[in-house]
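The structure file start00.tsv is reproduced below (TSV, C-alpha atoms).
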chain	number	residue	atom	x	y	z
I	742	MET	CA	205.39	64.49	49.53
I	743	THR	CA	203.46	67.68	48.87
I	744	ASP	CA	204.34	70.70	50.92
I	745	LEU	CA	201.41	72.91	51.84
I	746	PRO	CA	202.74	75.96	53.64
I	747	ASN	CA	199.41	77.02	55.12
I	748	ALA	CA	198.09	73.61	55.99
I	749	ALA	CA	197.82	72.23	59.50
I	750	PRO	CA	201.08	71.91	61.43
I	751	ARG	CA	203.04	68.81	60.57
I	752	LEU	CA	201.95	66.02	62.83
I	753	ARG	CA	203.64	63.28	60.82
I	754	THR	CA	207.06	62.34	62.07
I	755	PRO	CA	209.66	59.92	60.69
I	756	LEU	CA	208.33	57.41	63.23
I	757	ARG	CA	205.73	56.19	60.74
I	758	HIS	CA	208.52	55.02	58.45
I	759	VAL	CA	210.09	52.76	61.03
I	760	ARG	CA	207.10	51.53	63.00
I	761	GLY	CA	206.51	47.83	62.22
I	762	LEU	CA	209.97	47.66	60.61
I	763	GLY	CA	208.56	48.11	57.10
I	764	SER	CA	206.55	45.72	54.95
I	765	GLY	CA	208.80	42.74	55.74
I	766	HIS	CA	208.28	43.28	59.50
I	767	SER	CA	211.88	42.34	60.10
I	768	GLY	CA	213.80	45.53	59.45
I	769	THR	CA	217.39	45.19	58.29
I	770	GLU	CA	218.24	42.24	60.53
I	771	HIS	CA	217.85	39.61	57.78
I	772	PHE	CA	219.74	41.76	55.27
I	773	TRP	CA	222.69	41.96	57.64
I	774	ARG	CA	222.67	38.30	58.72
I	775	GLN	CA	222.38	37.13	55.11
I	776	ARG	CA	225.59	39.01	54.33
I	777	LEU	CA	227.36	37.95	57.52
I	778	THR	CA	226.74	34.27	56.76
I	779	ALA	CA	227.58	34.88	53.07
I	780	ILE	CA	231.04	36.12	54.06
I	781	ALA	CA	231.54	33.13	56.38
I	782	ASN	CA	230.38	30.79	53.61
I	783	VAL	CA	233.19	31.77	51.22
I	784	PRO	CA	236.13	30.07	53.00
I	785	LEU	CA	233.89	27.35	54.46
I	786	THR	CA	232.50	26.39	51.03
I	787	ILE	CA	235.97	26.19	49.48
I	788	ALA	CA	237.12	23.93	52.34
I	789	PHE	CA	233.94	21.84	52.13
I	790	VAL	CA	234.31	21.10	48.40
I	791	VAL	CA	237.93	19.98	48.88
I	792	ILE	CA	236.94	17.78	51.86
I	793	VAL	CA	234.05	16.11	50.00
I	794	VAL	CA	236.10	15.42	46.86
I	795	SER	CA	238.99	14.03	48.91
I	796	LEU	CA	236.54	11.59	50.57
I	797	LEU	CA	235.28	10.22	47.23
I	798	GLY	CA	236.00	6.54	46.76
I	799	ARG	CA	237.23	6.00	50.31
I	800	ASN	CA	235.73	3.24	52.41
I	801	HIS	CA	233.64	3.79	55.54
I	802	ALA	CA	236.50	3.44	58.02
I	803	ALA	CA	238.60	6.06	56.22
I	804	VAL	CA	235.64	8.48	55.94
I	805	VAL	CA	234.89	8.13	59.67
I	806	GLN	CA	238.53	8.76	60.51
I	807	ILE	CA	238.81	11.87	58.31
I	808	ILE	CA	235.47	13.49	59.30
I	809	GLY	CA	236.27	12.70	62.93
I	810	TRP	CA	239.60	14.56	62.73
I	811	PRO	CA	238.95	17.79	64.73
I	812	PRO	CA	240.03	20.35	62.07
I	813	VAL	CA	237.72	18.68	59.53
I	814	SER	CA	234.83	18.23	62.01
I	815	ILE	CA	235.04	21.86	63.13
I	816	VAL	CA	235.08	23.20	59.55
I	817	MET	CA	232.16	20.91	58.66
I	818	LEU	CA	230.14	22.00	61.73
I	819	LEU	CA	230.75	25.69	60.95
I	820	PHE	CA	229.82	25.09	57.30
I	821	ILE	CA	226.56	23.36	58.28
I	822	ALA	CA	225.65	26.09	60.78
I	823	SER	CA	226.39	28.93	58.40
I	824	ILE	CA	224.73	27.49	55.28
I	825	THR	CA	221.55	26.33	57.03
I	826	TYR	CA	221.11	29.79	58.59
I	827	HIS	CA	221.87	31.41	55.24
I	828	MET	CA	219.55	29.16	53.22
I	829	ARG	CA	216.68	29.69	55.65
I	830	ILE	CA	216.85	33.46	55.15
I	831	GLY	CA	217.32	33.09	51.38
I	832	MET	CA	214.35	30.76	50.96
I	833	GLN	CA	212.25	33.07	53.14
I	834	VAL	CA	212.97	35.95	50.74
I	835	ILE	CA	211.96	33.77	47.78
I	836	ILE	CA	208.73	32.68	49.52
I	837	GLU	CA	207.85	36.26	50.47
I	838	ASP	CA	208.49	37.39	46.89
I	839	TYR	CA	206.49	34.75	45.05
I	840	VAL	CA	203.80	33.46	47.44
I	841	HIS	CA	201.07	35.95	48.15
I	842	GLY	CA	198.34	33.94	49.89
I	843	GLU	CA	198.69	34.71	53.60
I	844	LEU	CA	198.04	31.14	54.79
I	845	SER	CA	200.19	29.38	52.21
I	846	LYS	CA	202.94	31.90	52.87
I	847	ILE	CA	202.91	31.22	56.61
I	848	LEU	CA	202.81	27.44	56.08
I	849	LEU	CA	205.77	27.61	53.68
I	850	LEU	CA	207.72	29.84	56.07
I	851	VAL	CA	207.12	27.31	58.86
I	852	ALA	CA	208.17	24.43	56.58
I	853	ASN	CA	211.26	26.40	55.55
I	854	THR	CA	212.32	26.89	59.15
I	855	PHE	CA	211.63	23.28	60.11
I	856	PHE	CA	213.52	21.93	57.08
I	857	SER	CA	216.56	24.11	57.78
I	858	ILE	CA	216.63	23.13	61.46
I	859	VAL	CA	216.24	19.40	60.68
I	860	ILE	CA	219.13	19.58	58.19
I	861	ALA	CA	221.27	21.55	60.65
I	862	PHE	CA	220.69	19.18	63.56
I	863	GLY	CA	220.76	16.03	61.41
I	864	CYS	CA	224.12	16.90	59.85
I	865	GLY	CA	225.48	18.39	63.07
I	866	TYR	CA	224.58	15.30	65.10
I	867	ALA	CA	226.13	13.01	62.47
I	868	ILE	CA	229.41	14.98	62.53
I	869	LEU	CA	229.52	14.93	66.34
I	870	LYS	CA	228.85	11.19	66.38
I	871	LEU	CA	231.65	10.64	63.83
I	872	SER	CA	233.92	12.78	66.02
I	873	PHE	CA	233.21	11.24	69.40
I	874	GLY	CA	232.55	7.77	68.04
I	875	VAL	CA	229.80	6.75	70.43
J	670	MET	CA	218.93	40.24	35.36
J	671	ALA	CA	219.16	36.64	34.19
J	672	MET	CA	222.07	36.15	36.56
J	673	SER	CA	220.02	37.36	39.54
J	674	VAL	CA	217.30	34.83	38.76
J	675	PHE	CA	220.00	32.19	38.33
J	676	HIS	CA	221.31	33.10	41.79
J	677	ARG	CA	217.90	32.22	43.19
J	678	ILE	CA	217.75	29.02	41.15
J	679	THR	CA	221.16	27.82	42.38
J	680	GLY	CA	220.18	28.88	45.90
J	681	SER	CA	217.00	26.78	45.75
J	682	ALA	CA	218.88	23.82	44.26
J	683	LEU	CA	221.43	24.03	47.06
J	684	PHE	CA	218.61	24.31	49.62
J	685	PHE	CA	217.22	20.91	48.55
J	686	GLY	CA	220.69	19.57	47.80
J	687	THR	CA	221.42	19.67	51.53
J	688	LEU	CA	219.30	16.47	51.67
J	689	LEU	CA	222.16	14.72	49.83
J	690	LEU	CA	224.64	16.16	52.30
J	691	ALA	CA	222.48	14.97	55.22
J	692	TRP	CA	222.12	11.51	53.63
J	693	TRP	CA	225.90	11.25	53.20
J	694	LEU	CA	226.74	12.36	56.78
J	695	ILE	CA	223.98	10.44	58.55
J	696	ALA	CA	224.82	7.28	56.56
J	697	ALA	CA	228.48	7.63	57.54
J	698	ALA	CA	227.47	8.09	61.18
J	699	SER	CA	225.13	5.08	61.03
J	700	GLY	CA	227.76	2.54	60.01
J	701	PRO	CA	229.37	0.68	57.10
J	702	LYS	CA	226.11	-0.92	55.93
J	703	ALA	CA	224.27	2.40	55.59
J	704	TYR	CA	227.35	3.98	54.02
J	705	ALA	CA	227.56	1.26	51.37
J	706	GLY	CA	224.60	2.90	49.59
J	707	VAL	CA	226.38	6.27	49.45
J	708	GLU	CA	229.60	4.61	48.31
J	709	TRP	CA	227.77	2.81	45.51
J	710	PHE	CA	225.87	5.95	44.36
J	711	MET	CA	228.96	8.17	44.40
J	712	GLY	CA	230.82	5.51	42.43
J	713	THR	CA	228.36	5.73	39.53
J	714	ILE	CA	228.66	8.27	36.71
J	715	ILE	CA	225.28	9.75	37.72
J	716	GLY	CA	226.45	10.12	41.31
J	717	ARG	CA	229.66	11.86	40.26
J	718	LEU	CA	227.73	14.17	37.91
J	719	VAL	CA	225.22	15.05	40.66
J	720	LEU	CA	228.09	15.79	43.05
J	721	PHE	CA	229.94	17.82	40.42
J	722	GLY	CA	226.74	19.75	39.63
J	723	TYR	CA	226.12	20.34	43.33
J	724	THR	CA	229.63	21.66	43.97
J	725	TRP	CA	229.47	23.81	40.81
J	726	ALA	CA	226.12	25.29	41.95
J	727	LEU	CA	227.73	25.93	45.34
J	728	ILE	CA	230.71	27.76	43.83
J	729	HIS	CA	228.55	29.63	41.31
J	730	HIS	CA	226.24	30.78	44.11
J	731	MET	CA	229.28	31.75	46.18
J	732	LEU	CA	230.74	33.94	43.41
J	733	GLY	CA	227.27	35.35	42.70
J	734	GLY	CA	227.14	36.24	46.39
J	735	VAL	CA	230.53	37.96	46.18
J	736	ARG	CA	229.10	39.96	43.25
J	737	HIS	CA	226.20	41.04	45.48
J	738	LEU	CA	228.66	41.99	48.23
J	739	ILE	CA	230.53	44.16	45.71
J	740	TRP	CA	227.23	45.80	44.73
J	741	ASP	CA	226.54	46.43	48.44
J	742	THR	CA	229.56	48.74	48.42
J	743	LEU	CA	227.83	50.69	45.59
J	744	HIS	CA	230.50	49.62	43.11
J	745	GLY	CA	230.17	47.66	39.87
J	746	PHE	CA	226.91	49.06	38.53
J	747	GLU	CA	228.24	50.38	35.21
J	748	PRO	CA	227.13	48.28	32.20
J	749	GLN	CA	230.69	47.11	31.45
J	750	ASP	CA	231.24	46.29	35.16
J	751	ARG	CA	228.07	44.23	35.32
J	752	GLU	CA	229.01	42.42	32.12
J	753	MET	CA	232.46	41.66	33.53
J	754	LEU	CA	231.03	40.46	36.87
J	755	ALA	CA	228.51	38.20	35.10
J	756	ARG	CA	231.26	36.64	32.94
J	757	GLY	CA	233.56	36.38	35.95
J	758	THR	CA	230.88	34.53	37.92
J	759	LEU	CA	230.15	32.10	35.10
J	760	PHE	CA	233.70	31.27	33.96
J	761	GLY	CA	235.19	31.73	37.42
J	762	SER	CA	232.75	29.20	38.89
J	763	VAL	CA	233.67	26.54	36.32
J	764	ILE	CA	237.41	27.13	36.73
J	765	LEU	CA	237.29	27.30	40.55
J	766	THR	CA	235.15	24.14	40.77
J	767	LEU	CA	237.64	22.24	38.56
J	768	VAL	CA	240.58	23.58	40.60
J	769	LEU	CA	238.96	22.51	43.90
J	770	TRP	CA	238.21	19.04	42.49
J	771	GLY	CA	241.83	18.87	41.40
J	772	VAL	CA	243.01	19.80	44.90
J	773	GLY	CA	240.60	17.26	46.40
J	774	TYR	CA	241.92	14.51	44.10
J	775	LEU	CA	245.52	15.45	44.93
J	776	ILE	CA	244.81	15.17	48.66
J	777	MET	CA	243.16	11.82	47.99
J	778	GLY	CA	246.35	10.62	46.31
J	779	GLY	CA	245.54	10.12	42.64
J	780	THR	CA	242.33	9.44	40.75
J	781	ARG	CA	240.10	6.52	41.52
Entire entry expressed as structure tokens:
Amino acid sequence: MTDLPNAAPRLRTPLRHVRGLGSGHSGTEHFWRQRLTAIANVPLTIAFVVIVVSLLGRNHAAVVQIIGWPPVSIVMLLFIASITYHMRIGMQVIIEDYVHGELSKILLLVANTFFSIVIAFGCGYAILKLSFGV
Amino acid sequence: MAMSVFHRITGSALFFGTLLLAWWLIAAASGPKAYAGVEWFMGTIIGRLVLFGYTWALIHHMLGGVRHLIWDTLHGFEPQDREMLARGTLFGSVILTLVLWGVGYLIMGGTR
């Protein structure tokens, strides 16, 4: 910024830097939530990989029994919730970085949100059904 | 640089890979008939490779994320640090994935 000592009094305030929350229009909220879910994903991912591998080669009855066991169901539900939230933000960043047409960008952002929610509810419902066995 | 792009590539692969996860869980919830398809696919070499690739991408992305969390603390930006973190992510992801598969197999009670 150029400083002109004898120019008009400074009418510009720091407000202009924060109004509209910057070019992403979302401020630091996504940055923070991406990291919050990333931290949660570390133990959940490790547990998930072990669970999936230990289910390999088991028949349907055994899989239902294991996924329906509360400690496993709860870890799986938390994993699904955290990764779908995390992947929605991550894919949004990728779309905003590489897609510049306003309409195609909005359509992809909508598709991104819908996809993440469908996966979250689809997987979540399946785990609940395996748990409660209705 | 290449590792940052790779973080996005594994992230995108995992994004679409959740379809496999959804297929697996919804099939299990739907009953033995629907689950038979998953059982068959995961029994094939291709199925096992896809699952191994998926879990490796998951672990690689996880360690890449830890690297980003370290950078968030303003540490690890020196050239030798970045080199070490890149190697750690690559080799660490392979080793950790194999270890977790080993633990999974042990819980399962032997290989099958």
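Using all atoms listed in the file, the residues found no farther than 12 Å from segment 834-847 of chain I, other than those of its own chain fewer than 2 positions away, are I:Ser764, I:Gly765, I:His766, I:Ser767, I:His771, I:Phe772, I:Gln775, I:His827, I:Met828, I:Arg829, I:Ile830, I:Gly831, I:Met832, I:Leu849, I:Leu850, I:Val851, I:Ala852, I:Asn853, I:Thr854, J:Val674, J:His676, J:Arg677, J:Ile678, J:Gly680, J:Ser681, J:Phe684.
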*asked:* For Val805 of chain I, find every residue with an atom within 9 Å (counting all atoms listed in the file), except residues of its own chain fewer than 4 positions away, and show them as number ranges by chain.
replied: I: 800-801, 809-810, 871-872, 874; J: 697-698
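We find atom CA of Ala867 of chain I and atom CA of Pro812 of chain I to be spaced 15.7 Å apart.
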_Should the cut-off be 10 Å, what would the residue list for chain I against chain J look like, counting only C-alpha atoms, as number ranges by chain?_
I: 775-776, 779-780, 782-784, 786-802, 804-805, 808, 821, 824-825, 827-829, 831-832, 834-835, 853, 856-857, 859-872, 874-875
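The two atoms in question, atom CA of Ile815 of chain I and atom CA of Ala781 of chain I, are spaced 13.6 Å apart.
Nearest residue to Phe760 of chain J among J:Arg736, J:Phe710, J:Ile715, J:His729 is J:His729, counting only C-alpha atoms.
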Please provide the set of residues having any atom within 10 Å of Gly733 of chain J, restricted to all atoms listed in the file, with same-chain residues fewer than 6 positions apart removed, written as a PDB file with C-alpha atoms, keeping the file's coordinate frame.
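Done, and the output landed in part-v4.pdb:
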ATOM      1  CA  MET J 672     222.070  36.150  36.560  1.00  0.00           C
ATOM      2  CA  SER J 673     220.020  37.360  39.540  1.00  0.00           C
ATOM      3  CA  PHE J 675     220.000  32.190  38.330  1.00  0.00           C
ATOM      4  CA  HIS J 676     221.310  33.100  41.790  1.00  0.00           C
ATOM      5  CA  ARG J 677     217.900  32.220  43.190  1.00  0.00           C
ATOM      6  CA  THR J 679     221.160  27.820  42.380  1.00  0.00           C
ATOM      7  CA  LEU J 727     227.730  25.930  45.340  1.00  0.00           C
ATOM      8  CA  ILE J 739     230.530  44.160  45.710  1.00  0.00           C
ATOM      9  CA  LEU J 754     231.030  40.460  36.870  1.00  0.00           C
ATOM     10  CA  ALA J 755     228.510  38.200  35.100  1.00  0.00           C
ATOM     11  CA  GLY J 757     233.560  36.380  35.950  1.00  0.00           C
ATOM     12  CA  THR J 758     230.880  34.530  37.920  1.00  0.00           C
ATOM     13  CA  LEU J 759     230.150  32.100  35.100  1.00  0.00           C
ATOM     14  CA  SER J 762     232.750  29.200  38.890  1.00  0.00           C
TER      15      SER J 762
END
*Interatomic distance between atom CA of Phe855 of chain I and atom CA of Met817 of chain I?*
20.7 Å
Repair of segment 818-829 of chain I at the level of N, CA and C atoms, as a compact mmCIF listing (two decimals), in the coordinates of the input:
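Written output follows (rebuild_34.txt):
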# COMPACT_ATOMS: atom_id res chain seq x y z
N LEU I 818 231.20 21.49 60.84
CA LEU I 818 230.14 22.00 61.73
C LEU I 818 229.86 23.48 61.44
N LEU I 819 230.93 24.26 61.25
CA LEU I 819 230.75 25.69 60.95
C LEU I 819 230.05 25.87 59.61
N PHE I 820 230.45 25.03 58.63
CA PHE I 820 229.82 25.09 57.30
C PHE I 820 228.33 24.81 57.41
N ILE I 821 227.97 23.73 58.12
CA ILE I 821 226.56 23.36 58.28
C ILE I 821 225.79 24.49 58.96
N ALA I 822 226.34 25.03 60.04
CA ALA I 822 225.65 26.09 60.78
C ALA I 822 225.43 27.31 59.90
N SER I 823 226.48 27.71 59.20
CA SER I 823 226.39 28.93 58.40
C SER I 823 225.46 28.77 57.19
N ILE I 824 225.57 27.63 56.47
CA ILE I 824 224.73 27.49 55.28
C ILE I 824 223.26 27.28 55.63
N THR I 825 222.97 26.56 56.72
CA THR I 825 221.55 26.33 57.03
C THR I 825 220.89 27.65 57.48
N TYR I 826 221.64 28.47 58.20
CA TYR I 826 221.11 29.79 58.59
C TYR I 826 220.89 30.64 57.34
N HIS I 827 221.91 30.62 56.47
CA HIS I 827 221.87 31.41 55.24
C HIS I 827 220.73 30.96 54.32
N MET I 828 220.56 29.65 54.17
CA MET I 828 219.55 29.16 53.22
C MET I 828 218.13 29.39 53.75
N ARG I 829 218.00 29.41 55.08
CA ARG I 829 216.68 29.69 55.65
C ARG I 829 216.26 31.12 55.31
